[in-house]
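> Before I ask anything, here is the structure I am working with.
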Amino acid sequence: MGTPKTVKRFDTLDAGSWMTTKFTRTTEGFLTGRAIVTSIGVFTYQYADGTVLRELRLPEEVFAPESLESMKLKPVTNQHPDGFVTPENQKELQVGSLGSDVTTTTQIRDYDGWTDSDKLTDGIHVAIDMTINRDDAIDDVLNGRRALSMGYTCEIEETSGVYMGVEYDCIQRKIRYNHCAIVDAARAGDAAMIHLDGADAILTGSPKVQKTAAQSTTNKDHQKQEDKSMKQTVRIDGIDYEVADSVAAHIAALTKKSDEAVKKADGLEKEVSDSKALVSKLEAERDTEKARADKAEADLEQARKDAFDESRIDSAVQERLAILDAADKAGVKVTPEMKMDGIRRAVIAAVFPSVNLDGKNDDYVAACFDSAKAELEKRGDSAQRAVGADGVGGTQDNFDSASARQRMIELNQRRSRGEEA
């Protein structure tokens, strides 16, 4: 490639002053000069069926060598024809010709070895030399029709996005030129214009070719040639339609977007349904946990009440004393590690040795214990009567069973508190 050599880059607003030259008369009376004919950017196209697309022309496509090569020596037409310029209609349509000196670049630096390294470029516009040689077209140019527009084919890539702050619906690929049209308004903007020397315009202007704005509405600048030459059949709601390739591609893109939107909506609907189910589950779990918390709080409150219920405390104390009293009467030795249930069972075993308590529930043990206490009371009364009858240990008056029982209870209470007897 050689050593890079920096070249000057100019403001694109002033592109016409350094990429183009004024159109002047040749000795034959033809108009010749250099003009910008196209550029990169987002162009809006309206198709025959009313479809409007914003199509992106990227630098790598506009400046592709194959695309620029296809521009060279192409015919110039006065307005866009209804189709391509071909050998069959060239004589009728051609009013001039493009040259072969294309000025453009995809970068801002030039390299040694290029055939024309001094050309000034901006990386946005494409300029080329041209000659207009038919009198009616020359008159139209001199009277104001000076915009230029390329007729070409391209492949449409259904990719949307934003380029240099402008939204686009698709991208043009493999741009191949067929002709350059002189039109009333150019899609590439004011830069794509034929620039004339003022004197030429005055000397050769002809009123007979001036047209009103209404008469100029046949401009085909909004259509690319593939609209006319290539058709496809698409089916919509069971009906077949013949449309241009680009329209068919657009319909396919819209169908794809619609299908994707439906699929996305279905997915979102499922997500909403799953979310609602999850919320319901979480709410149920929350309610269950709240019920558990409420019960635990109620149980805690009851436990607090029970802990400070004097009647329950007194009842528990009396029950313990009664058990200890029965153990004392039955001759059961009570040790500190013994539980109340163990003491009850020991009393029952002492009073009723033949009773087997294995596997018996608490109610059965309680009933047996009550029977044992009754038996102990009965035995105590019998012993007391026997002692009174024999005159041993005093008379019935000084052996009061109630007093003896009270003394025994007090004794057991002191024992339970660890006091000396």
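Order determines the names: the first chain of the structure tokens is A, the second B, and so forth; residues in each chain are numbered 1 upward, and ligands are numbered 1 upward as they are shown.
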With only C-alpha atoms as the counted atoms, please give the residues lying no more than 12 Å from Lys91 of chain A, apart from itself and same-chain residues fewer than 4 positions off, as JSON, numbers by chain.

{"A": [75, 76, 77, 85, 86, 87, 95, 96, 134]}

> Convert the current residue selection to file output with N, CA and C atoms, as a PDB file, in the first residue's frame.


```pdb
ATOM      1  N   PRO A  75     -25.506   6.129 -19.061  1.00  0.00           N
ATOM      2  CA  PRO A  75     -26.264   7.183 -19.740  1.00  0.00           C
ATOM      3  C   PRO A  75     -26.886   8.176 -18.759  1.00  0.00           C
ATOM      4  N   VAL A  76     -27.055   9.419 -19.227  1.00  0.00           N
ATOM      5  CA  VAL A  76     -27.778  10.461 -18.490  1.00  0.00           C
ATOM      6  C   VAL A  76     -29.154  10.590 -19.114  1.00  0.00           C
ATOM      7  N   THR A  77     -30.206  10.658 -18.285  1.00  0.00           N
ATOM      8  CA  THR A  77     -31.578  10.795 -18.774  1.00  0.00           C
ATOM      9  C   THR A  77     -32.189  12.069 -18.236  1.00  0.00           C
ATOM     10  N   VAL A  85     -32.559   1.873 -18.469  1.00  0.00           N
ATOM     11  CA  VAL A  85     -32.077   2.213 -19.804  1.00  0.00           C
ATOM     12  C   VAL A  85     -31.427   0.956 -20.378  1.00  0.00           C
ATOM     13  N   THR A  86     -31.879   0.566 -21.547  1.00  0.00           N
ATOM     14  CA  THR A  86     -31.380  -0.649 -22.207  1.00  0.00           C
ATOM     15  C   THR A  86     -30.966  -0.308 -23.632  1.00  0.00           C
ATOM     16  N   PRO A  87     -30.305  -1.210 -24.316  1.00  0.00           N
ATOM     17  CA  PRO A  87     -29.963  -0.946 -25.722  1.00  0.00           C
ATOM     18  C   PRO A  87     -31.197  -0.664 -26.575  1.00  0.00           C
ATOM     19  N   VAL A  95     -29.775  11.414 -22.882  1.00  0.00           N
ATOM     20  CA  VAL A  95     -29.537  12.820 -23.248  1.00  0.00           C
ATOM     21  C   VAL A  95     -28.093  13.215 -22.984  1.00  0.00           C
ATOM     22  N   GLY A  96     -27.283  12.271 -22.521  1.00  0.00           N
ATOM     23  CA  GLY A  96     -25.896  12.561 -22.216  1.00  0.00           C
ATOM     24  C   GLY A  96     -25.232  11.334 -21.646  1.00  0.00           C
ATOM     25  N   ARG A 134     -28.057  16.628 -25.514  1.00  0.00           N
ATOM     26  CA  ARG A 134     -29.307  16.790 -26.250  1.00  0.00           C
ATOM     27  C   ARG A 134     -29.935  18.128 -25.908  1.00  0.00           C
TER      28      ARG A 134
END
```

> Would you kindly return, as a PyMOL selection string, each protein, DNA or RNA residue with an atom no farther than 12 Å from any atom of Gln94 of chain A, considering only C-alpha atoms and excluding same-chain residues fewer than 6 positions away?

chain A and resi 73-81+84-88+131-137+178-182

> So that I can check the surroundings of Ala346 of chain A, please list as a PDB file with C-alpha atoms, in the first residue's frame every protein, DNA and RNA residue that reaches within 12 Å of it, counting only C-alpha atoms and ignoring chain neighbours fewer than 5 positions away.


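What landed in selection-v6.pdb:
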```pdb
ATOM      1  CA  ILE A 323     -47.883 -37.396  96.564  1.00  0.00           C
ATOM      2  CA  LEU A 324     -45.100 -36.991  99.148  1.00  0.00           C
ATOM      3  CA  ALA A 326     -48.669 -40.927 100.226  1.00  0.00           C
ATOM      4  CA  ALA A 327     -45.045 -41.933  99.706  1.00  0.00           C
ATOM      5  CA  ASP A 328     -44.345 -41.405 103.384  1.00  0.00           C
ATOM      6  CA  LYS A 329     -47.329 -43.511 104.382  1.00  0.00           C
ATOM      7  CA  ALA A 330     -46.371 -46.256 101.954  1.00  0.00           C
ATOM      8  CA  GLY A 331     -42.788 -46.269 103.209  1.00  0.00           C
ATOM      9  CA  VAL A 332     -41.355 -45.183  99.850  1.00  0.00           C
ATOM     10  CA  LYS A 333     -37.958 -43.539 100.080  1.00  0.00           C
ATOM     11  CA  VAL A 334     -38.013 -40.356  97.956  1.00  0.00           C
ATOM     12  CA  THR A 335     -34.733 -39.220  96.397  1.00  0.00           C
ATOM     13  CA  MET A 338     -37.219 -38.689  91.415  1.00  0.00           C
ATOM     14  CA  LYS A 339     -40.026 -37.096  89.367  1.00  0.00           C
ATOM     15  CA  MET A 340     -43.614 -36.919  90.577  1.00  0.00           C
ATOM     16  CA  ASP A 341     -44.718 -39.642  88.156  1.00  0.00           C
ATOM     17  CA  VAL A 351     -49.480 -50.616  98.080  1.00  0.00           C
ATOM     18  CA  PHE A 352     -50.442 -52.996  95.252  1.00  0.00           C
ATOM     19  CA  PRO A 353     -47.384 -55.145  94.473  1.00  0.00           C
ATOM     20  CA  VAL A 355     -50.288 -54.295  89.726  1.00  0.00           C
ATOM     21  CA  ASN A 356     -48.252 -54.008  86.495  1.00  0.00           C
ATOM     22  CA  LEU A 357     -48.043 -50.418  85.144  1.00  0.00           C
ATOM     23  CA  VAL A 365     -51.641 -44.388  86.610  1.00  0.00           C
ATOM     24  CA  CYS A 368     -54.303 -46.432  90.524  1.00  0.00           C
ATOM     25  CA  PHE A 369     -52.606 -43.746  92.603  1.00  0.00           C
ATOM     26  CA  ALA A 372     -53.461 -46.427  96.613  1.00  0.00           C
TER      27      ALA A 372
END
```

> For a test of reading the model, state the distance in Å between atom CA of Tyr168 of chain A and atom CA of Ala191 of chain A, rounded to one decimal.

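So the two atoms, atom CA of Tyr168 of chain A and atom CA of Ala191 of chain A, lie 21.5 Å apart.
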
> Have a look at atom CA of Phe23 of chain A and atom CA of Ile194 of chain A and let me know their distance in Å, one decimal.

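Straight-line distance from atom CA of Phe23 of chain A to atom CA of Ile194 of chain A works out to 6.9 Å.
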
> Do a neighbour search on segment 145-152 of chain A at 7 Å with only C-alpha atoms, toss out local chain neighbours closer than 4 positions, and write the hits as a list in words.

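Result of the neighbour search: Val37, Thr38, Asp140, Val141, Ile175, Arg176, Tyr177, Asn178, His179, Cys180, Ala181, Ile182, Val183, Asp184, Ala185, Ala186, Arg187, Ala192, Met193, Ile194, Asp221, Lys224 and Gln225 of chain A.
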
> Quick one: write out the picked residues with C-alpha atoms as a tab-separated table (two decimals), in the first residue's frame?


```
chain	number	residue	atom	x	y	z
A	37	VAL	CA	-24.51	12.57	-8.12
A	38	THR	CA	-25.12	10.66	-4.85
A	140	ASP	CA	-34.21	22.15	-19.03
A	141	VAL	CA	-30.92	22.43	-17.14
A	175	ILE	CA	-25.60	-1.01	-5.22
A	176	ARG	CA	-25.27	-1.18	-9.01
A	177	TYR	CA	-26.00	1.89	-11.20
A	178	ASN	CA	-27.90	1.99	-14.51
A	179	HIS	CA	-28.29	5.69	-15.30
A	180	CYS	CA	-28.11	9.24	-13.92
A	181	ALA	CA	-31.28	11.33	-14.16
A	182	ILE	CA	-31.64	15.11	-14.30
A	183	VAL	CA	-34.53	15.81	-11.91
A	184	ASP	CA	-36.28	18.64	-10.12
A	185	ALA	CA	-35.18	17.53	-6.65
A	186	ALA	CA	-32.38	15.16	-5.65
A	187	ARG	CA	-32.48	12.74	-2.78
A	192	ALA	CA	-26.13	16.79	-6.05
A	193	MET	CA	-26.64	19.61	-8.51
A	194	ILE	CA	-25.39	20.79	-11.88
A	221	ASP	CA	-36.69	10.19	-8.21
A	224	LYS	CA	-35.36	2.69	-7.61
A	225	GLN	CA	-35.35	0.70	-10.84
```
